[in-house]
Amino acid sequence: MSQLVRIRFTLNGRPQSVKVPPMKRLLDVLREDCRMTGTKEGCGEGECGACTVLIAGDPVNSCLVPAVHAEGAKITTVEGLAKNGKLSALQTAFIELGGAQCGMCTPGMLVTSAALLARTKGRVPGDAEVRDALSGTLCRCTGYQKIVEAVQAAAAPAPAKKKAAAVAKKAKPVAKKKVVAKKKVVAKKKAVAQKKAAASRAGRRPGASKQARRPAASQRRGRR
Ligand code: FES
Ligand code: FES
């Protein structure tokens, strides 16, 4: 059994102390010893970025960092982005703009984006800038467009909220209109069917009522 060492660091703003094997992966220390399971393991070899956390504000793959390197560090995991139980603007934008699906890459995407927004504070990062920052984090579900849009929206929270509200407002009447239109079609079909039934009971075709009552021209001439 390998020797255990005491490691102290700051995790999401709080002091943390663990006794672990020095070469235990930081990813495992966070998940198993600190019970911060938001950070995910994808490839386990530094390729996918799912395990990304921030050390001193910089994104690192925690699957590649031995625990001993965390001594004295300031570490931020995805759990550290929400404040007092309230999601950050970035997390909210991911939810509202569809930046997350299965969620496997999302913690890594979020902390990496948070680091980017901390650097670009006060301006909305460009498309290429966001893609470049997120290039070490792979997503197998969403494609990257919605993620990029969510990051940019979080940099300008007010317009993002307006956009999300506008999308929601637009979506409701459309759904309502569809239901009303469907009801009208059903009612129309019903009316036609009833008319047909009534006409067949009367032994004539619907829509031919006047002509049916009126004798043919040849008959009219014959009567004169
Ligand atoms: S799990 Fe660490 S980079 Fe994939
Ligand atoms: S949301 Fe599923 S991998 Fe990115």
# chains A, B, ... in the order shown; residues from 1 in each chain; ligands from 1
>>> closest_atom_pairs(of="chain A", to="ligand 2", cutoff="9 Å", atoms="only C-alpha atoms and all ligand atoms", output="tab-separated table")
residue	atom	partner	partner_atom_place_in_ligand_line	distance
A:Ala50	CA	ligand 2	3 (S)	8.4
A:Gly99	CA	ligand 2	1 (S)	7.2
A:Ala100	CA	ligand 2	1 (S)	4.5
A:Gln101	CA	ligand 2	1 (S)	4.0
A:Cys102	CA	ligand 2	2 (Fe)	3.9
A:Gly103	CA	ligand 2	1 (S)	4.4
A:Met104	CA	ligand 2	3 (S)	4.8
A:Cys105	CA	ligand 2	4 (Fe)	4.3
A:Thr106	CA	ligand 2	4 (Fe)	5.9
A:Met109	CA	ligand 2	4 (Fe)	8.3
A:Thr137	CA	ligand 2	4 (Fe)	8.9
A:Leu138	CA	ligand 2	3 (S)	6.8
A:Cys139	CA	ligand 2	4 (Fe)	3.6
A:Arg140	CA	ligand 2	3 (S)	4.1
A:Cys141	CA	ligand 2	2 (Fe)	4.3
A:Thr142	CA	ligand 2	1 (S)	5.6
A:Gly143	CA	ligand 2	4 (Fe)	7.8
A:Tyr144	CA	ligand 2	4 (Fe)	8.6
>>> residues_near_ligand(ligand="ligand 1", cutoff="12 Å", atoms="only C-alpha atoms and all ligand atoms", output="PyMOL selection string")
chain A and resi 25-28+39-53+59-65+104-105+107-109+135-139
>>> residues_around(residues="A:Ala56", least_positions_apart="6", cutoff="9 Å", atoms="only C-alpha atoms", output="MDAnalysis selection string")
chainID A and resid 73:76
>>> write_last_selection(atoms="N, CA and C atoms", output="short mmCIF file (atom, residue, chain, number, x, y, z; two decimals), in the first residue's frame")
data_model
loop_
_atom_site.label_atom_id
_atom_site.label_comp_id
_atom_site.auth_asym_id
_atom_site.auth_seq_id
_atom_site.Cartn_x
_atom_site.Cartn_y
_atom_site.Cartn_z
N ALA A 73 -2.96 24.79 -3.77
CA ALA A 73 -3.59 25.37 -4.97
C ALA A 73 -5.01 25.86 -4.68
N LYS A 74 -5.46 26.77 -5.55
CA LYS A 74 -6.87 27.20 -5.51
C LYS A 74 -7.57 26.48 -6.66
N ILE A 75 -8.46 25.58 -6.29
CA ILE A 75 -9.11 24.75 -7.31
C ILE A 75 -10.60 25.11 -7.40
N THR A 76 -11.06 25.22 -8.62
CA THR A 76 -12.50 25.47 -8.83
C THR A 76 -13.06 24.35 -9.69
#
>>> atom_distance(atom1="atom CA of A:Gly98", atom2="atom CA of A:Arg31")
26.4 Å
>>> residues_around(residues="A:Val5", least_positions_apart="3", cutoff="7 Å", atoms="only C-alpha atoms", output="list in words")
Lys19, Val20, Pro21 and Pro22 of chain A
>>> write_last_selection(atoms="C-alpha atoms", output="mmCIF file, in the first residue's frame")
data_model
loop_
_atom_site.group_PDB
_atom_site.id
_atom_site.type_symbol
_atom_site.label_atom_id
_atom_site.label_comp_id
_atom_site.auth_asym_id
_atom_site.auth_seq_id
_atom_site.Cartn_x
_atom_site.Cartn_y
_atom_site.Cartn_z
ATOM 1 C CA LYS A 19 -4.819 12.255 3.167
ATOM 2 C CA VAL A 20 -4.192 10.378 -0.060
ATOM 3 C CA PRO A 21 -1.447 8.587 -2.032
ATOM 4 C CA PRO A 22 0.681 11.374 -3.569
#
>>> residues_around(residues="A:Ile95", least_positions_apart="5", cutoff="12 Å", atoms="only C-alpha atoms", output="list of chain:residue names")
A:Leu87, A:Ser88, A:Ala89, A:Leu90, A:Ala100, A:Gln101, A:Cys102, A:Gly103, A:Thr106, A:Leu110, A:Lys146, A:Ile147, A:Glu149, A:Ala150, A:Val151, A:Ala153, A:Ala154, A:Ala160, A:Lys161, A:Ala164
>>> closest_residue(among="A:Leu4, A:Met36, A:Ala199, A:Ala156", to="A:Met23", atoms="only C-alpha atoms")
A:Leu4
>>> atom_distance(atom1="atom CA of A:Phe9", atom2="atom CA of A:Gly72")
4.5 Å
